[in-house]
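Below you'll find the structure, written out as structure tokens, and then a few comments.
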Amino acid sequence: MNADQGLFVPLILGILEGLTEFLPVSSTGHLLLAGHFFGLTQPATFIVLIQLGAILAVITVYFARLGMLIRDALTGKAYAWQFALAVVLACLPAVAAGVLLRDFIQGDLWESAALICWTLLVGGVILLIVDRLKLTPKYDDIYQFPWHLALIVGLFQMLSLVPGVSRSGSTVVGAMLFGASKRAAAEFTFFIALPIMIGAFGYDLYKSRDMIDTSLALSVGVGFAAAFIIGALVVRYLLGFVSKYGFAPFAWWRILVGGAGLIAIYFFGQ
């Protein structure tokens with residue numbers, strides 16, 4: 001980052017993170033492409049650390065429901081333990097793969113703009129097809145997701161380790177294909193995002209502890225605040241938007257961004 005850019009870059013990247021983290025468009029893919037094409041760069045660890053703002057956005061919006069779940073779990077309510085098991089099963093595959101492949105993902109994969117553009121484009125086509133399928137939902141209540149559906153969603157979530165695939169996009173597609181309604185699929189991604197993103201934040205913070213200085217901490221703080229504010233707005237209104245319009249608008253956006261990126265790479269190179 002150039003000195004004269006000050007905190008402008010982390011602010012823009014924080015806004016971009018908040019806008020895209022919970023949409024099926026790949027926040028990491030957008031952040032990396034913003035750096036590749038527009039020079040809006042920060043250290044790789046910055047991208048992971050500002051996700052804490054998006055995590056707190058979910059906690060803020062769902063504070064009452066999270067409190068109710070914890071209370072009911074502590075008092076032995078079966079549905080709360082069933083839901084907790086579903087969340088754990090949906091997180092385990094991506095957690096294991098993320099720890100084992102962290103260096104490869106944040107190295108080779110994050111550096112390939114062409115790969116990100118292709119995954120955005122292909123993922124957009126897949127999301128558009130799934131959104132238009134005449135599926136008959138069997139599960140409209142996330143508290144009633146059976147363990148096998150949660151595990152399937154977790155396996156789909158592993159695909160999101162490839163930049164451009166999208167964590168929410170992959171889990172939404174997996175959940176819908178195996179019986180969840182559009183609204184339930186989107187809502188389930190909010191809850192399984194919490195342990196995944198908290199774990200990624202803590203692990204990356206530990207691995208990068210020697211790289212974090214005062215200037216990076218300030219940048220992370222600005223990006224965190226922007227991601228929190230914008231992320232809270234997205235979480236609050238996304239389910240209503242999905243119930244009304246489905247996922248097609250996000251699919252077309254992916255196709256547009258991925259296609260435009262590939263055209264730019266073809267004419268101007270990597």
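Residues in the structure tokens are named by chain (A, B, ... in the order shown) and by number from 1 within that chain; ligands are numbered from 1 in the order shown.
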
Close residues, Gly202 of chain A itself excluded, 12 Å, only C-alpha atoms, min 3 positions apart in chain, as a PyMOL selection string = chain A and resi 45+48-52+99+195-199+205-209

Dump as a CSV table (one decimal), in the first residue's frame, selection limited to C-alpha atoms:
chain,number,residue,atom,x,y,z
A,45,THR,CA,-3.5,-12.0,6.9
A,48,VAL,CA,-8.7,-13.1,7.3
A,49,LEU,CA,-8.5,-10.7,10.3
A,50,ILE,CA,-11.2,-8.2,9.1
A,51,GLN,CA,-13.6,-11.1,8.9
A,52,LEU,CA,-14.0,-10.6,12.7
A,99,VAL,CA,-5.6,-26.1,8.6
A,195,PRO,CA,-17.3,-21.1,14.3
A,196,ILE,CA,-15.6,-21.3,10.9
A,197,MET,CA,-14.7,-17.6,10.8
A,198,ILE,CA,-13.8,-17.4,14.5
A,199,GLY,CA,-11.5,-20.4,14.1
A,205,LEU,CA,-3.8,-14.4,14.2
A,206,TYR,CA,-1.6,-16.9,15.9
A,207,LYS,CA,0.3,-17.9,12.7
A,208,SER,CA,0.8,-14.2,11.8
A,209,ARG,CA,1.5,-12.8,15.3

Assign secondary structure with DSSP using the backbone only, and return the residues of segment 31-151 of chain A in helix (DSSP H, G or I) as number ranges by chain.
-> A: 31-38, 44-49, 51-61, 63-74, 78-109, 113-132, 142-144, 147-151

Nearest to Leu151 of chain A, chosen from A:Ala113, A:Val88, A:Ala64, A:Leu101, with only C-alpha atoms counted in the distances |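 Selected residue with least distance to Leu151 of chain A: A:Val88.
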
Please, which residues in segment 101-130 of chain A fall within 6 Å of segment 155-179 of chain A when counting only C-alpha atoms, and what is the closest atom pair and distance in Å to one decimal for each, ordered by chain then residue number, as a Markdown table?
| residue | atom | partner | partner_atom | distance |
| --- | --- | --- | --- | --- |
| A:Ile116 | CA | A:Gly164 | CA | 4.7 |
| A:Thr119 | CA | A:Gly164 | CA | 5.1 |
| A:Leu120 | CA | A:Gly164 | CA | 5.0 |

Kindly export the residues of the current selection with all heavy atoms, as an mmCIF file, in the first residue's frame.
data_model
loop_
_atom_site.group_PDB
_atom_site.id
_atom_site.type_symbol
_atom_site.label_atom_id
_atom_site.label_comp_id
_atom_site.auth_asym_id
_atom_site.auth_seq_id
_atom_site.Cartn_x
_atom_site.Cartn_y
_atom_site.Cartn_z
ATOM 1 N N ILE A 116 -9.477 -17.317 -9.853
ATOM 2 C CA ILE A 116 -10.576 -16.667 -9.142
ATOM 3 C C ILE A 116 -11.688 -16.274 -10.107
ATOM 4 O O ILE A 116 -12.876 -16.477 -9.825
ATOM 5 C CB ILE A 116 -10.055 -15.436 -8.374
ATOM 6 C CG1 ILE A 116 -9.048 -15.866 -7.305
ATOM 7 C CG2 ILE A 116 -11.205 -14.665 -7.730
ATOM 8 C CD1 ILE A 116 -8.306 -14.710 -6.662
ATOM 9 N N THR A 119 -13.576 -19.434 -11.229
ATOM 10 C CA THR A 119 -14.453 -19.986 -10.196
ATOM 11 C C THR A 119 -15.666 -19.094 -9.961
ATOM 12 O O THR A 119 -16.768 -19.590 -9.701
ATOM 13 C CB THR A 119 -13.687 -20.193 -8.880
ATOM 14 O OG1 THR A 119 -13.008 -18.980 -8.512
ATOM 15 C CG2 THR A 119 -12.672 -21.303 -9.005
ATOM 16 N N LEU A 120 -15.481 -17.782 -10.063
ATOM 17 C CA LEU A 120 -16.630 -16.882 -9.970
ATOM 18 C C LEU A 120 -17.608 -17.149 -11.104
ATOM 19 O O LEU A 120 -18.830 -17.247 -10.887
ATOM 20 C CB LEU A 120 -16.163 -15.425 -10.019
ATOM 21 C CG LEU A 120 -15.587 -14.822 -8.738
ATOM 22 C CD1 LEU A 120 -14.975 -13.456 -9.028
ATOM 23 C CD2 LEU A 120 -16.663 -14.695 -7.664
#

Hey, which of A:Ala97, A:Leu149, A:Trp118, A:Ile70 ends up closest to Ala260 of chain A? Count only C-alpha atoms.
-> A:Trp118

Check which residues of segment 70-141 of chain A sit at most 12 Å from segment 235-256 of chain A using only C-alpha atoms, and return one row each with the closest pair of atoms and their distance in Å to one decimal, ordered by chain and rising number, as a Markdown table.
| residue | atom | partner | partner_atom | distance |
| --- | --- | --- | --- | --- |
| A:Ile116 | CA | A:Arg254 | CA | 10.6 |
| A:Cys117 | CA | A:Arg254 | CA | 8.7 |
| A:Trp118 | CA | A:Ile255 | CA | 9.1 |
| A:Thr119 | CA | A:Arg254 | CA | 8.9 |
| A:Leu120 | CA | A:Arg254 | CA | 5.2 |
| A:Leu121 | CA | A:Ile255 | CA | 4.4 |
| A:Val122 | CA | A:Ile255 | CA | 7.5 |
| A:Gly123 | CA | A:Arg254 | CA | 7.4 |
| A:Gly124 | CA | A:Ala251 | CA | 4.2 |
| A:Val125 | CA | A:Ala251 | CA | 6.6 |
| A:Ile126 | CA | A:Ala251 | CA | 8.0 |
| A:Leu127 | CA | A:Ala251 | CA | 5.7 |
| A:Leu128 | CA | A:Ala251 | CA | 5.4 |
| A:Ile129 | CA | A:Ala248 | CA | 8.7 |
| A:Val130 | CA | A:Phe247 | CA | 8.9 |
| A:Asp131 | CA | A:Phe247 | CA | 6.0 |
| A:Arg132 | CA | A:Ala248 | CA | 8.1 |
| A:Leu133 | CA | A:Gly246 | CA | 11.4 |
| A:Asp140 | CA | A:Ser243 | CA | 11.8 |

Please identify all polymer residues within 6 Å of Val87 of chain A, counting only C-alpha atoms, omitting same-chain residues fewer than 3 positions from it, and present them as a PyMOL selection string.
-> chain A and resi 84+90+192

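One finds atom CA of Leu19 of chain A at 25.6 Å from atom CA of Gly67 of chain A.
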
Using only C-alpha atoms, find each residue in segment 134-228 of chain A having at least one atom no more than 7 Å away from segment 54-63 of chain A; report its shortest atom-to-atom pair and that distance in Å (one decimal), rows by chain then rising number, as a Markdown table.
| residue | atom | partner | partner_atom | distance |
| --- | --- | --- | --- | --- |
| A:Phe190 | CA | A:Val58 | CA | 6.8 |
| A:Leu194 | CA | A:Ile55 | CA | 6.0 |
| A:Met197 | CA | A:Ile55 | CA | 6.8 |
| A:Ala227 | CA | A:Ala54 | CA | 5.5 |
| A:Phe228 | CA | A:Ala54 | CA | 5.0 |

Based on the selection just made, write all heavy atoms of those residues as an mmCIF file, in the first residue's frame.
data_model
loop_
_atom_site.group_PDB
_atom_site.id
_atom_site.type_symbol
_atom_site.label_atom_id
_atom_site.label_comp_id
_atom_site.auth_asym_id
_atom_site.auth_seq_id
_atom_site.Cartn_x
_atom_site.Cartn_y
_atom_site.Cartn_z
ATOM 1 N N PHE A 190 -25.349 -18.459 7.920
ATOM 2 C CA PHE A 190 -24.995 -17.476 8.945
ATOM 3 C C PHE A 190 -24.436 -18.165 10.180
ATOM 4 O O PHE A 190 -23.416 -17.748 10.739
ATOM 5 C CB PHE A 190 -26.210 -16.645 9.356
ATOM 6 C CG PHE A 190 -26.752 -15.743 8.284
ATOM 7 C CD1 PHE A 190 -28.046 -15.272 8.348
ATOM 8 C CD2 PHE A 190 -25.974 -15.357 7.210
ATOM 9 C CE1 PHE A 190 -28.560 -14.430 7.374
ATOM 10 C CE2 PHE A 190 -26.470 -14.515 6.226
ATOM 11 C CZ PHE A 190 -27.769 -14.050 6.315
ATOM 12 N N LEU A 194 -20.087 -18.682 11.936
ATOM 13 C CA LEU A 194 -19.518 -18.219 13.202
ATOM 14 C C LEU A 194 -18.315 -19.054 13.645
ATOM 15 O O LEU A 194 -17.222 -18.505 13.829
ATOM 16 C CB LEU A 194 -20.596 -18.186 14.283
ATOM 17 C CG LEU A 194 -21.696 -17.139 14.079
ATOM 18 C CD1 LEU A 194 -22.749 -17.271 15.179
ATOM 19 C CD2 LEU A 194 -21.099 -15.744 14.078
ATOM 20 N N MET A 197 -15.390 -18.861 10.901
ATOM 21 C CA MET A 197 -14.678 -17.590 10.801
ATOM 22 C C MET A 197 -13.931 -17.251 12.085
ATOM 23 O O MET A 197 -12.842 -16.679 12.055
ATOM 24 C CB MET A 197 -15.656 -16.485 10.415
ATOM 25 C CG MET A 197 -16.210 -16.658 9.003
ATOM 26 S SD MET A 197 -17.630 -15.604 8.645
ATOM 27 C CE MET A 197 -16.887 -13.988 8.716
ATOM 28 N N ALA A 227 -16.406 -3.559 7.926
ATOM 29 C CA ALA A 227 -17.017 -4.866 7.686
ATOM 30 C C ALA A 227 -18.174 -5.115 8.648
ATOM 31 O O ALA A 227 -19.197 -5.701 8.275
ATOM 32 C CB ALA A 227 -15.966 -5.965 7.819
ATOM 33 N N PHE A 228 -18.018 -4.671 9.889
ATOM 34 C CA PHE A 228 -19.069 -4.868 10.889
ATOM 35 C C PHE A 228 -20.337 -4.099 10.523
ATOM 36 O O PHE A 228 -21.443 -4.651 10.524
ATOM 37 C CB PHE A 228 -18.571 -4.419 12.263
ATOM 38 C CG PHE A 228 -19.654 -4.361 13.309
ATOM 39 C CD1 PHE A 228 -20.142 -5.521 13.874
ATOM 40 C CD2 PHE A 228 -20.196 -3.148 13.705
ATOM 41 C CE1 PHE A 228 -21.148 -5.482 14.835
ATOM 42 C CE2 PHE A 228 -21.191 -3.091 14.653
ATOM 43 C CZ PHE A 228 -21.674 -4.263 15.220
#
